[in-house]
Amino acid sequence: MKAAVITFPGANWDRDLAQAFAQAGADVVRVWHKDSALPEGTDIVGIPGGFSFGDYLRCGAIAARSPIAKAVVEFAGKGGHVLGICNGFQVLLEMGLLPGALMRNANLRFMCKPVGLRVETTDSAFTSGYAQGAELTIPIAHHDGNFTADAETVARLQGEGRVAFRYSDNPNGSVGDIAGILSGNRRVLGMMPHPERAVAPIHGSTDGRRMFDALMSAFAPA
């Protein structure tokens, strides 16, 4: 599997995401936001957390208009897999690859701590390594992680089984305790918690490792 990890000015977990892919056995290529094309043979694009362009506008809005963004949208449109984490989730929403919006946390505070997640679906390359209903411990680090969407959109996400993860104890006010959602073809995942920060014992949890291992299995030769 070849993973392309995008770096924007202000990204601060791009290295962690690249390491998580590499630890699982992926061939990782780092891509700068001013590049106009993804590397040949890219299987999955990773958009990391952080504060792209300082979050000076809506979070992720400027990044979604970087030169590389067009290539990512085209890649997803052709059925490519894309993983957006934290600020990367915000970027995916601004690109129009996922529905909804991420607002300021309900308590109006930046939050950085481990949280409990429940796996809502195993029907994706990202979640196939987990058991349905499994409880995970994954860290969060965000100020604008309150997932919001209109009732029709939330009902559609739930009805189509596109809610990937829910919070066990909602830390930010997200509607329906939603922590991560999938695109209609289940090949784009956006999530606020950081699985790349839960891949080694030193992190306090290795629950994120199974996501990257599952992705490697999904792209393994038949």
# chains A, B, ... in the order shown; residues from 1 in each chain; ligands from 1
$ residues_around --residues "region 154-161 of chain A" --least-positions-apart "6" --cutoff "10 Å" --atoms "only C-alpha atoms" --output "PyMOL selection string"
chain A and resi 99-100+120-123+148+175-176+178+181-184+186
$ write_last_selection --atoms "N, CA and C atoms" --output "PDB file, in the first residue's frame"
ATOM      1  N   PRO A  99     -20.461  15.179   4.475  1.00  0.00           N
ATOM      2  CA  PRO A  99     -21.482  16.174   4.831  1.00  0.00           C
ATOM      3  C   PRO A  99     -21.338  16.663   6.272  1.00  0.00           C
ATOM      4  N   GLY A 100     -21.934  17.822   6.546  1.00  0.00           N
ATOM      5  CA  GLY A 100     -21.956  18.334   7.900  1.00  0.00           C
ATOM      6  C   GLY A 100     -20.930  19.423   8.124  1.00  0.00           C
ATOM      7  N   GLU A 120     -19.109   1.585  15.301  1.00  0.00           N
ATOM      8  CA  GLU A 120     -20.500   1.469  14.865  1.00  0.00           C
ATOM      9  C   GLU A 120     -20.670   0.604  13.617  1.00  0.00           C
ATOM     10  N   THR A 121     -19.623   0.492  12.817  1.00  0.00           N
ATOM     11  CA  THR A 121     -19.702  -0.350  11.618  1.00  0.00           C
ATOM     12  C   THR A 121     -18.330  -0.933  11.317  1.00  0.00           C
ATOM     13  N   THR A 122     -18.319  -2.154  10.827  1.00  0.00           N
ATOM     14  CA  THR A 122     -17.073  -2.775  10.379  1.00  0.00           C
ATOM     15  C   THR A 122     -17.030  -2.851   8.861  1.00  0.00           C
ATOM     16  N   ASP A 123     -18.024  -2.244   8.217  1.00  0.00           N
ATOM     17  CA  ASP A 123     -18.164  -2.326   6.767  1.00  0.00           C
ATOM     18  C   ASP A 123     -17.397  -1.202   6.065  1.00  0.00           C
ATOM     19  N   THR A 148     -21.844  18.730  13.557  1.00  0.00           N
ATOM     20  CA  THR A 148     -23.201  19.245  13.425  1.00  0.00           C
ATOM     21  C   THR A 148     -23.709  19.002  12.012  1.00  0.00           C
ATOM     22  N   VAL A 175     -23.550  16.003  17.591  1.00  0.00           N
ATOM     23  CA  VAL A 175     -24.894  15.454  17.461  1.00  0.00           C
ATOM     24  C   VAL A 175     -24.813  13.932  17.375  1.00  0.00           C
ATOM     25  N   GLY A 176     -25.674  13.259  18.108  1.00  0.00           N
ATOM     26  CA  GLY A 176     -25.701  11.805  18.078  1.00  0.00           C
ATOM     27  C   GLY A 176     -24.431  11.149  18.578  1.00  0.00           C
ATOM     28  N   ILE A 178     -21.556  11.524  17.509  1.00  0.00           N
ATOM     29  CA  ILE A 178     -20.788  11.098  16.333  1.00  0.00           C
ATOM     30  C   ILE A 178     -19.341  11.570  16.420  1.00  0.00           C
ATOM     31  N   ILE A 181     -17.365   9.726  10.470  1.00  0.00           N
ATOM     32  CA  ILE A 181     -18.354   9.345   9.462  1.00  0.00           C
ATOM     33  C   ILE A 181     -17.664   8.911   8.174  1.00  0.00           C
ATOM     34  N   LEU A 182     -18.411   8.151   7.382  1.00  0.00           N
ATOM     35  CA  LEU A 182     -17.931   7.625   6.106  1.00  0.00           C
ATOM     36  C   LEU A 182     -18.681   8.260   4.938  1.00  0.00           C
ATOM     37  N   SER A 183     -18.045   8.280   3.798  1.00  0.00           N
ATOM     38  CA  SER A 183     -18.699   8.714   2.568  1.00  0.00           C
ATOM     39  C   SER A 183     -19.663   7.635   2.090  1.00  0.00           C
ATOM     40  N   GLY A 184     -20.460   7.961   1.082  1.00  0.00           N
ATOM     41  CA  GLY A 184     -21.441   7.011   0.574  1.00  0.00           C
ATOM     42  C   GLY A 184     -20.824   5.721   0.074  1.00  0.00           C
ATOM     43  N   ARG A 186     -18.040   4.553   1.237  1.00  0.00           N
ATOM     44  CA  ARG A 186     -17.316   4.041   2.400  1.00  0.00           C
ATOM     45  C   ARG A 186     -15.800   4.069   2.223  1.00  0.00           C
TER      46      ARG A 186
END
$ residues_around --residues "Leu38 (chain A)" --least-positions-apart "4" --cutoff "8 Å" --atoms "only C-alpha atoms" --output "list in words"
Ala4, Val31, Thr42, Ile68, Ala71 and Val72 of chain A
$ closest_atom_pairs --of "region 60-125 of chain A" --to "region 215-221 of chain A" --cutoff "10 Å" --atoms "only C-alpha atoms" --output "CSV"
residue,atom,partner,partner_atom,distance
A:His81,CA,A:Leu215,CA,9.6
A:Ser124,CA,A:Leu215,CA,9.3
A:Ala125,CA,A:Leu215,CA,5.6
$ write_last_selection --atoms "C-alpha atoms" --output "PDB file, in the first residue's frame"
ATOM      1  CA  HIS A  81      -9.451   5.955  -0.116  1.00  0.00           C
ATOM      2  CA  SER A 124     -15.200  -0.278   5.546  1.00  0.00           C
ATOM      3  CA  ALA A 125     -11.511  -0.800   4.947  1.00  0.00           C
TER       4      ALA A 125
END
$ residues_around --residues "Ser52 (chain A)" --least-positions-apart "4" --cutoff "12 Å" --atoms "only C-alpha atoms" --output "ChimeraX atom specification"
/A:6-14,33,47-48,56-66,86-91
$ select_by_dssp --residues "region 26-206 of chain A" --states "strand (DSSP E)" --output "NGL selection string"
:A and (27-32 or 44-47 or 81-85 or 101-103 or 111-119 or 135-142 or 146-148 or 163-167 or 178-182 or 188-191)
